[in-house]
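Student: What follows is a structure written as structure tokens; I'll ask about it next.
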2 protein chains.
Amino acid sequence: MDDKSGTGLPASIEAAWGLRERPSKGPKPGLSLQRIVDAAVHVADTDGLAAVSMSRVAADLGAATMSLYRYVRAKDELLVLMVDTAYGKAPDAAGDDGWRPGLRRWASAELAGLRRHPWVLHVPLSGMSLVSPNQNQWLEEGLRCLRDTGLIPVEKMSTMLLVTGFVRSWATMSGDINASLLSAGTTNQQAMSSFGRALTKLTDPQQFPELHAIIAAGVFDAEDGPDDEYLFGLERILDGIEALIAKRETEEA
Amino acid sequence: MDDKSGTGLPASIEAAWGLRERPSKGPKPGLSLQRIVDAAVHVADTDGLAAVSMSRVAADLGAATMSLYRYVRAKDELLVLMVDTAYGKAPDAAGDDGWRPGLRRWASAELAGLRRHPWVLHVPLSGMSLVSPNQNQWLEEGLRCLRDTGLIPVEKMSTMLLVTGFVRSWATMSGDINASLLSAGTTNQQAMSSFGRALTKLTDPQQFPELHAIIAAGVFDAEDGPDDEYLFGLERILDGIEALIAKRETEEA
DNA sequence: CACTACTGCGTACGTTATACACAGTCCTAC
DNA sequence: GTAGGACTGTGTATAACGTACGCAGTAGTG
């Protein structure tokens, strides 16, 4: 039970970490975990997450469906690994210009990645999602940005959760609205987005006064600067963190 | 195209908003949309989201599988409605003690709901998720908390996105860790959570110095005060918002 | 009374993940 | 070398799923 590699994790995840190289006994493998995951990512990028089935991925590799199960115990594992390679190598976010520009770079790198692979946001996350190598390298890089702040460990962790949570929320919401705009046929940039228009019809101004004011202000018409709202929310978070760091510094003094 | 009820939304969603009552022509309906959704929620609450299949829900209602499709065009719609009833009536968060206690109440009400219905976090969200009635009432209530702040509309919207994104992120992460603890057999409250233990084995201290420091500090041992981290992150967000509100006030003066 | 819109439901189909068994391959131990 | 065994790829089979389709019965409307 206290094995050297006894992480309790599936073999494919350990393989992704570089542990557990394949044994050299049997025939030369024609496939590899990385090729399978890459093929699956390609399917998701081109045809969406729903198109990622074991048979489709296998077909794209010229292999049989069941061959994949030599490398992956179940589809969940494949999804976890897909997300991990979609995140890719962590960015060089931490610089010598302070934690705030660093986290800014970190967040915008994550947003860029989610733009490139929108399906990541729709992968149902399981317990294993938290222990994939690239995502932990992203986490490490984010924590590096916070190194010279006086935050205590749990606060650093909470901060990263805060930032990534915001980026993912925003990417999800803006991505969904954009997708529903596209599928609605309207070429976008219309007088009012289909989302706002539907909401206008559904909500009673007396019962939803605040929401109505928001819509009337044209929040959903958007398309001014696509990322203005994102930048704004992010700066708010960073302000909150900055206040905390300042407090910690005065405490230390 | 400019119909009075032409929201472009599925009929079941419009029905959930109270529009489109069922016609009085044919035989008396033995089922109802609400009964179906309630049954589905009950299945999810007791046996998990994976157990929610059309046949299972129908069986629990003593009906045939295909009967459900008289009330719902596809399973996606059922899921959207399930989430909506899981959220339930919006809380009375906005009080006369200021926006900050209001948002605090709002957030903790959402967290409580997500604790009661953890499967909500695993429902793949689609475009329709954004236009369900209860969730928009929650949004309205949150916006009401911000009424007397000087924030402009887009900032209010971003603020709510910030808060709900954080609550959902935190609920997801803490829920996942808890679930993986339970499934690992360890009765919890052990020396080190299985998550931290796995990470310790997987990460090279030289390559992941910050992460290692976090784990060593016992962040994942947790179980001190279960919600300490949550409260902490939330106050950080509120601090950031407070800074913005203060700035807006000095601008107005 | 016919008409018609509607409800409930049985059947059928295509797709999915995956358990299992089998055949071929290549390293290892003798 | 040769026997053994571990490993690979794969075909078949199964159970479950979402859902399209069509039919039978029902209740209001003309």
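We name chains A, B, ... following the order of the structure tokens; residues begin at 1 in each chain, and ligands are numbered from 1 as shown.
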Any chance you could tabulate, as a Markdown table, the residues of chain A at most 8 Å from chain B with each one's nearest atom pair and distance in Å to one decimal, using only C-alpha atoms, in chain and rising number order?
Tutor:
| residue | atom | partner | partner_atom | distance |
| --- | --- | --- | --- | --- |
| A:Ser5 | CA | B:Lys201 | CA | 7.5 |
| A:Thr7 | CA | B:Ala198 | CA | 5.0 |
| A:Gly8 | CA | B:Ala198 | CA | 7.4 |
| A:Leu9 | CA | B:Ala198 | CA | 7.8 |
| A:Trp17 | CA | B:Leu202 | CA | 7.2 |
| A:His122 | CA | B:Pro124 | CA | 6.1 |
| A:Val123 | CA | B:Pro124 | CA | 7.9 |
| A:Pro124 | CA | B:His122 | CA | 6.1 |
| A:Leu125 | CA | B:His122 | CA | 7.5 |
| A:Ser126 | CA | B:Asp176 | CA | 6.7 |
| A:Gly127 | CA | B:Asp176 | CA | 5.3 |
| A:Val131 | CA | B:Leu199 | CA | 6.8 |
| A:Gln137 | CA | B:Phe208 | CA | 7.5 |
| A:Leu139 | CA | B:Leu211 | CA | 7.6 |
| A:Glu140 | CA | B:Leu211 | CA | 5.7 |
| A:Leu143 | CA | B:Glu210 | CA | 6.1 |
| A:Arg144 | CA | B:Glu210 | CA | 6.4 |
| A:Arg147 | CA | B:Glu210 | CA | 7.6 |
| A:Pro153 | CA | B:Ile214 | CA | 5.2 |
| A:Val154 | CA | B:Val219 | CA | 5.7 |
| A:Glu155 | CA | B:Glu229 | CA | 7.8 |
| A:Met157 | CA | B:Ile214 | CA | 7.5 |
| A:Ser158 | CA | B:Gly233 | CA | 6.0 |
| A:Thr159 | CA | B:Gly233 | CA | 7.0 |
| A:Leu161 | CA | B:Ser169 | CA | 7.3 |
| A:Leu162 | CA | B:Phe166 | CA | 6.1 |
| A:Gly165 | CA | B:Ser169 | CA | 5.4 |
| A:Phe166 | CA | B:Gly165 | CA | 5.8 |
| A:Ser169 | CA | B:Gly165 | CA | 5.4 |
| A:Trp170 | CA | B:Leu161 | CA | 7.4 |
| A:Asp176 | CA | B:Gly127 | CA | 5.4 |
| A:Ile177 | CA | B:Gly127 | CA | 6.6 |
| A:Ala179 | CA | B:Gly127 | CA | 7.5 |
| A:Ser180 | CA | B:Gly127 | CA | 5.9 |
| A:Phe195 | CA | B:Val131 | CA | 7.9 |
| A:Arg197 | CA | B:Thr7 | CA | 7.6 |
| A:Ala198 | CA | B:Thr7 | CA | 5.0 |
| A:Leu199 | CA | B:Val131 | CA | 6.8 |
| A:Lys201 | CA | B:Thr7 | CA | 6.9 |
| A:Leu202 | CA | B:Trp17 | CA | 7.2 |
| A:Phe208 | CA | B:Glu140 | CA | 6.1 |
| A:Pro209 | CA | B:Glu140 | CA | 7.7 |
| A:Glu210 | CA | B:Leu143 | CA | 6.1 |
| A:Leu211 | CA | B:Glu140 | CA | 5.7 |
| A:Ala213 | CA | B:Pro153 | CA | 7.4 |
| A:Ile214 | CA | B:Pro153 | CA | 5.2 |
| A:Ala217 | CA | B:Pro153 | CA | 6.6 |
| A:Val219 | CA | B:Val154 | CA | 5.7 |
| A:Glu229 | CA | B:Ser158 | CA | 6.7 |
| A:Phe232 | CA | B:Ser158 | CA | 7.8 |
| A:Gly233 | CA | B:Ser158 | CA | 6.0 |
| A:Arg236 | CA | B:Gly240 | CA | 4.8 |
| A:Ile237 | CA | B:Gly240 | CA | 5.6 |
| A:Leu238 | CA | B:Gly240 | CA | 7.1 |
| A:Asp239 | CA | B:Gly240 | CA | 4.8 |
| A:Gly240 | CA | B:Gly240 | CA | 3.7 |
| A:Ile241 | CA | B:Arg236 | CA | 6.1 |
| A:Ala243 | CA | B:Asp239 | CA | 7.2 |
| A:Leu244 | CA | B:Arg236 | CA | 7.2 |
Student: With 7 Å as the limit and counting only C-alpha atoms (C1' of nucleotides), what residues in chain B lie close to chain D? Please list them as a list in words.
Tutor: Lys25, Gly26 and Pro27 of chain B
Student: Export, as a compact mmCIF listing (two decimals), in the first residue's frame, the selected residues with C-alpha atoms.
Tutor:
# COMPACT_ATOMS: atom_id res chain seq x y z
CA LYS B 25 -58.07 20.44 -26.23
CA GLY B 26 -56.99 16.86 -25.86
CA PRO B 27 -57.19 14.44 -22.95
Student: What are the residues of chain A that have an atom within 12 Å of an atom of chain C, counting only C-alpha atoms (C1' of nucleotides), as a VMD selection string?
Tutor: chain A and resid 23 to 30 50 to 56 65 to 69 72 to 76
Student: Now that the selection is made, can you save its residues with C-alpha atoms as a PDB file, in the first residue's frame?
Tutor:
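See selection.pdb below for the written result:
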ATOM      1  CA  PRO A  23       7.364  -2.297 -20.315  1.00  0.00           C
ATOM      2  CA  SER A  24       9.587  -3.624 -23.054  1.00  0.00           C
ATOM      3  CA  LYS A  25       8.197  -7.081 -23.182  1.00  0.00           C
ATOM      4  CA  GLY A  26       5.552  -7.515 -25.827  1.00  0.00           C
ATOM      5  CA  PRO A  27       5.302  -6.303 -29.400  1.00  0.00           C
ATOM      6  CA  LYS A  28       6.229  -2.743 -30.256  1.00  0.00           C
ATOM      7  CA  PRO A  29       3.243  -0.542 -29.563  1.00  0.00           C
ATOM      8  CA  GLY A  30       1.830   0.978 -32.711  1.00  0.00           C
ATOM      9  CA  ALA A  50     -19.662  15.647 -28.595  1.00  0.00           C
ATOM     10  CA  ALA A  51     -17.829  14.160 -31.563  1.00  0.00           C
ATOM     11  CA  VAL A  52     -15.174  12.674 -29.313  1.00  0.00           C
ATOM     12  CA  SER A  53     -16.128   9.036 -29.083  1.00  0.00           C
ATOM     13  CA  MET A  54     -13.762   6.159 -28.663  1.00  0.00           C
ATOM     14  CA  SER A  55     -14.608   4.838 -32.114  1.00  0.00           C
ATOM     15  CA  ARG A  56     -14.144   8.224 -33.772  1.00  0.00           C
ATOM     16  CA  THR A  65     -11.907   1.105 -31.079  1.00  0.00           C
ATOM     17  CA  MET A  66     -10.784  -1.316 -28.445  1.00  0.00           C
ATOM     18  CA  SER A  67      -7.118  -0.603 -29.021  1.00  0.00           C
ATOM     19  CA  LEU A  68      -7.475   2.612 -27.117  1.00  0.00           C
ATOM     20  CA  TYR A  69      -8.311   0.714 -23.973  1.00  0.00           C
ATOM     21  CA  VAL A  72      -6.688   4.308 -21.141  1.00  0.00           C
ATOM     22  CA  ARG A  73      -8.864   2.560 -18.640  1.00  0.00           C
ATOM     23  CA  ALA A  74     -11.974   4.549 -19.442  1.00  0.00           C
ATOM     24  CA  LYS A  75     -13.089   7.545 -21.402  1.00  0.00           C
ATOM     25  CA  ASP A  76     -12.934   9.767 -18.327  1.00  0.00           C
TER      26      ASP A  76
END
Student: DSSP on the backbone: what in region 12-207 of chain B comes out alpha helix (DSSP H), as JSON, numbers by chain?
Tutor: {"B": [12, 13, 14, 15, 16, 33, 34, 35, 36, 37, 38, 39, 40, 41, 42, 43, 44, 45, 46, 47, 54, 55, 56, 57, 58, 59, 60, 75, 76, 77, 78, 79, 80, 81, 82, 83, 84, 85, 86, 87, 99, 100, 101, 102, 103, 104, 105, 106, 107, 108, 109, 110, 111, 112, 113, 114, 115, 116, 133, 134, 135, 136, 137, 138, 139, 140, 141, 142, 143, 144, 145, 153, 154, 155, 156, 157, 158, 159, 160, 161, 162, 163, 164, 165, 166, 167, 168, 169, 170, 171, 172, 173, 174, 175, 176, 177, 178, 179, 180, 181, 182, 183, 194, 195, 196, 197, 198, 199, 200, 201, 202]}
Student: Find the distance between CA of Glu249 (chain B) and CA of Asp97 (chain B) and write it in Å to one decimal.
Tutor: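 Between CA of Glu249 (chain B) and CA of Asp97 (chain B) the gap is 18.0 Å.
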Student: Quote the spacing between CA of Gly95 (chain B) and CA of Gln135 (chain B) in Å to one decimal place.
Tutor: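 These two atoms are separated by 19.5 Å.
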